[in-house]
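**Student:** My structure file work_11.cif, mmCIF, C-alpha atoms, is below:
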data_protein
loop_
_atom_site.label_atom_id
_atom_site.label_comp_id
_atom_site.auth_asym_id
_atom_site.auth_seq_id
_atom_site.Cartn_x
_atom_site.Cartn_y
_atom_site.Cartn_z
CA GLU A 235 117.60 -13.42 -19.51
CA LEU A 236 119.20 -12.42 -22.79
CA THR A 237 121.76 -9.67 -23.01
CA SER A 238 122.62 -9.41 -26.70
CA PRO A 239 120.89 -9.24 -30.09
CA ASP A 240 122.79 -12.40 -31.14
CA GLN A 241 121.11 -14.35 -28.34
CA VAL A 242 117.69 -13.13 -29.52
CA ASP A 243 118.55 -14.14 -33.10
CA SER A 244 119.61 -17.59 -31.95
CA ILE A 245 116.32 -18.23 -30.14
CA LEU A 246 114.29 -16.83 -33.04
CA GLU A 247 116.09 -19.19 -35.44
CA ARG A 248 115.33 -22.12 -33.16
CA CYS A 249 111.65 -21.14 -33.09
CA ILE A 250 111.53 -20.96 -36.89
CA THR A 251 113.23 -24.35 -37.19
CA ASN A 252 110.75 -25.97 -34.80
CA ARG A 253 107.68 -24.57 -36.55
CA THR A 254 105.26 -27.19 -37.82
CA LEU A 255 105.01 -27.35 -41.61
CA ALA A 256 103.28 -29.94 -43.77
CA ASP A 257 102.38 -30.78 -47.34
CA THR A 258 98.84 -29.87 -48.46
CA MET A 259 97.15 -29.80 -51.85
CA LEU A 260 97.60 -26.01 -52.01
CA ASN A 261 101.07 -25.57 -50.54
CA SER A 262 104.06 -27.88 -50.19
CA THR A 263 105.25 -26.11 -47.01
CA SER A 264 101.97 -25.11 -45.40
CA SER A 265 102.29 -23.67 -41.92
CA ARG A 266 100.27 -25.85 -39.55
CA SER A 267 100.61 -23.59 -36.55
CA HIS A 268 100.72 -19.97 -35.49
CA SER A 269 104.02 -18.63 -34.27
CA LEU A 270 104.39 -15.96 -31.62
CA PHE A 271 107.69 -14.54 -30.43
CA LYS A 272 107.45 -12.05 -27.57
CA ILE A 273 110.37 -9.93 -26.48
CA ILE A 274 110.11 -8.09 -23.18
CA LEU A 275 112.64 -5.30 -22.74
CA LYS A 276 113.46 -3.89 -19.33
CA LEU A 277 115.46 -0.78 -18.75
CA SER A 278 116.52 -0.04 -15.20
CA TYR A 279 118.27 3.04 -14.04
CA SER A 280 118.63 4.95 -10.84
CA SER A 281 119.66 8.36 -9.77
CA SER A 282 120.37 9.71 -6.35
CA ALA A 283 116.68 10.61 -5.97
CA ASN A 284 114.88 7.59 -7.39
CA LYS A 285 115.03 4.25 -9.14
CA CYS A 286 113.11 3.62 -12.35
CA VAL A 287 112.26 0.52 -14.38
CA ILE A 288 110.72 0.80 -17.84
CA ASP A 289 109.09 -2.26 -19.42
CA SER A 290 108.26 -2.61 -23.06
CA SER A 291 107.25 -5.60 -25.13
CA LEU A 292 107.35 -6.50 -28.79
CA CYS A 293 105.33 -9.36 -30.28
CA ILE A 294 106.29 -10.88 -33.60
CA VAL A 295 103.34 -12.93 -34.84
CA ASP A 296 103.18 -15.18 -37.88
CA LEU A 297 99.69 -16.57 -38.32
CA ALA A 298 98.93 -19.73 -40.23
CA GLY A 299 96.55 -18.99 -43.10
CA SER A 300 92.89 -19.90 -43.00
CA GLU A 301 91.86 -22.90 -45.02
CA ARG A 302 88.84 -24.08 -46.91
CA ALA A 303 88.46 -27.79 -46.43
CA SER A 304 86.85 -28.15 -49.86
CA ALA A 305 89.81 -26.47 -51.59
CA THR A 306 92.55 -28.39 -49.80
CA ASN A 307 90.92 -31.83 -49.84
CA ASN A 308 92.58 -32.43 -46.48
CA THR A 309 91.51 -35.38 -44.38
CA GLY A 310 92.50 -36.82 -41.03
CA GLN A 311 95.12 -34.89 -39.07
CA ARG A 312 95.47 -32.15 -41.73
CA MET A 313 91.70 -31.54 -41.60
CA ILE A 314 91.80 -31.25 -37.79
CA GLU A 315 94.76 -28.85 -37.97
CA GLY A 316 92.95 -26.71 -40.54
CA ALA A 317 89.83 -26.58 -38.37
CA ASN A 318 91.89 -25.54 -35.33
CA ILE A 319 93.70 -22.86 -37.35
CA ASN A 320 90.39 -21.45 -38.58
CA LYS A 321 88.89 -21.54 -35.09
CA SER A 322 91.75 -19.54 -33.57
CA LEU A 323 91.73 -17.03 -36.46
CA LEU A 324 87.99 -16.53 -35.95
CA ALA A 325 88.53 -15.93 -32.21
CA LEU A 326 91.26 -13.38 -33.01
CA GLY A 327 89.04 -11.67 -35.58
CA ASN A 328 86.20 -11.45 -33.06
CA CYS A 329 88.48 -9.79 -30.47
CA ILE A 330 89.84 -7.31 -33.01
CA THR A 331 86.32 -6.44 -34.21
CA LEU A 332 85.04 -5.83 -30.68
CA LEU A 333 88.11 -3.77 -29.76
CA SER A 334 87.85 -1.62 -32.89
CA ASP A 335 84.08 -1.14 -32.45
CA ARG A 336 84.62 -0.07 -28.85
CA ASN A 337 87.44 2.31 -29.81
CA GLU A 338 85.39 3.88 -32.62
CA GLY A 339 82.45 4.50 -30.30
CA LYS A 340 80.23 1.97 -32.07
CA GLY A 341 80.13 -0.35 -29.11
CA LYS A 342 80.19 1.82 -26.02
CA ASN A 343 78.36 -0.90 -24.11
CA ILE A 344 80.98 -3.53 -24.91
CA SER A 345 82.49 -4.48 -21.58
CA HIS A 346 83.73 -7.97 -22.38
CA ILE A 347 86.35 -8.91 -24.98
CA PRO A 348 86.52 -12.73 -25.35
CA TYR A 349 90.30 -13.16 -24.95
CA ARG A 350 89.83 -16.61 -23.41
CA ASP A 351 88.31 -18.09 -26.57
CA SER A 352 91.71 -19.29 -27.78
CA LYS A 353 95.32 -19.61 -26.66
CA LEU A 354 96.29 -17.14 -29.39
CA THR A 355 93.99 -14.37 -28.13
CA ARG A 356 95.09 -15.02 -24.55
CA LEU A 357 98.74 -14.61 -25.55
CA LEU A 358 98.00 -11.43 -27.52
CA LYS A 359 95.69 -9.91 -24.90
CA ASP A 360 98.11 -7.13 -23.95
#
So, in terms of structure tokens, how does the structure I just supplied come out?
**Tutor:**
Amino acid sequence: ELTSPDQVDSILERCITNRTLADTMLNSTSSRSHSLFKIILKLSYSSSANKCVIDSSLCIVDLAGSERASATNNTGQRMIEGANINKSLLALGNCITLLSDRNEGKGKNISHIPYRDSKLTRLLKD
């Protein structure tokens, strides 16, 4: 449990420092992973009549960019990372498309959003 903005800053800095970066043909500091930082805020208060708890959450998401294998000339581990990045971005795009179609009335029969297709979509489900 964190109680100050400085504590949040400290953890965010540690997350940024631990992020996976690598050299590719297109970028000397290419992000090789997505980064998600979720802050859950809880406000509790009580009066003589009742007790109330308000929850709110904030997600800060930094997505690794999609990659074209032919443009990067990546092989081995970099190629596998690029494929995994693209796969998770596709899963996220599919969820967003289905959610927006459903909300615009285009997909009234859409009852299933495939959140389980990737760890990223599972984490962002809310």
**Student:** For a quick check of your reading of the model, name the residues lying within 10 Å of the coordinate (89.0, -9.7, -25.5), counting only C-alpha atoms, and write them as a PyMOL selection string.
**Tutor:** chain A and resi 325-326+328-333+345-351+355-356+358-360
**Student:** How would you write, as a tab-separated table (two decimals) with C-alpha atoms, keeping the file's coordinate frame, the residues chosen by the PyMOL selection byres ((chain A and resi 253) around 8) on this structure?
**Tutor:**
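Saved as result_15.tsv:
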chain	number	residue	atom	x	y	z
A	249	CYS	CA	111.65	-21.14	-33.09
A	250	ILE	CA	111.53	-20.96	-36.89
A	251	THR	CA	113.23	-24.35	-37.19
A	252	ASN	CA	110.75	-25.97	-34.80
A	254	THR	CA	105.26	-27.19	-37.82
A	255	LEU	CA	105.01	-27.35	-41.61
A	265	SER	CA	102.29	-23.67	-41.92
A	267	SER	CA	100.61	-23.59	-36.55
A	269	SER	CA	104.02	-18.63	-34.27
**Student:** Carefully work through the PyMOL selection byres ((chain A and resi 319-321) around 12) for this structure and note down the residues it includes, as a ChimeraX atom specification.
**Tutor:** /A:264-269,297-303,312-318,322-328,351-355
**Student:** Would you mind reading off the distance between CA of Lys272 (chain A) and CA of Ser290 (chain A), one decimal, in Å?
**Tutor:**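 Result for CA of Lys272 (chain A) versus CA of Ser290 (chain A): 10.5 Å, one decimal.
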**Student:** Of the candidates A:Thr306, A:Glu235, A:Ser282, A:Asp289, which shows the shortest atom-to-atom distance to Asp257 (chain A), using only C-alpha atoms?
**Tutor:**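 Closest to Asp257 (chain A) of all the choices is A:Thr306.
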**Student:** Report the distance between CA of Cys293 (chain A) and CA of Arg336 (chain A) in Å, rounded to one decimal place.
**Tutor:**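 For CA of Cys293 (chain A) relative to CA of Arg336 (chain A), the distance reads 22.7 Å.
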**Student:** Can you work out the spacing between CA of Leu277 (chain A) and CA of Thr237 (chain A) in Å, to one decimal?
**Tutor:**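 Going from CA of Leu277 (chain A) over to CA of Thr237 (chain A) covers 11.7 Å.
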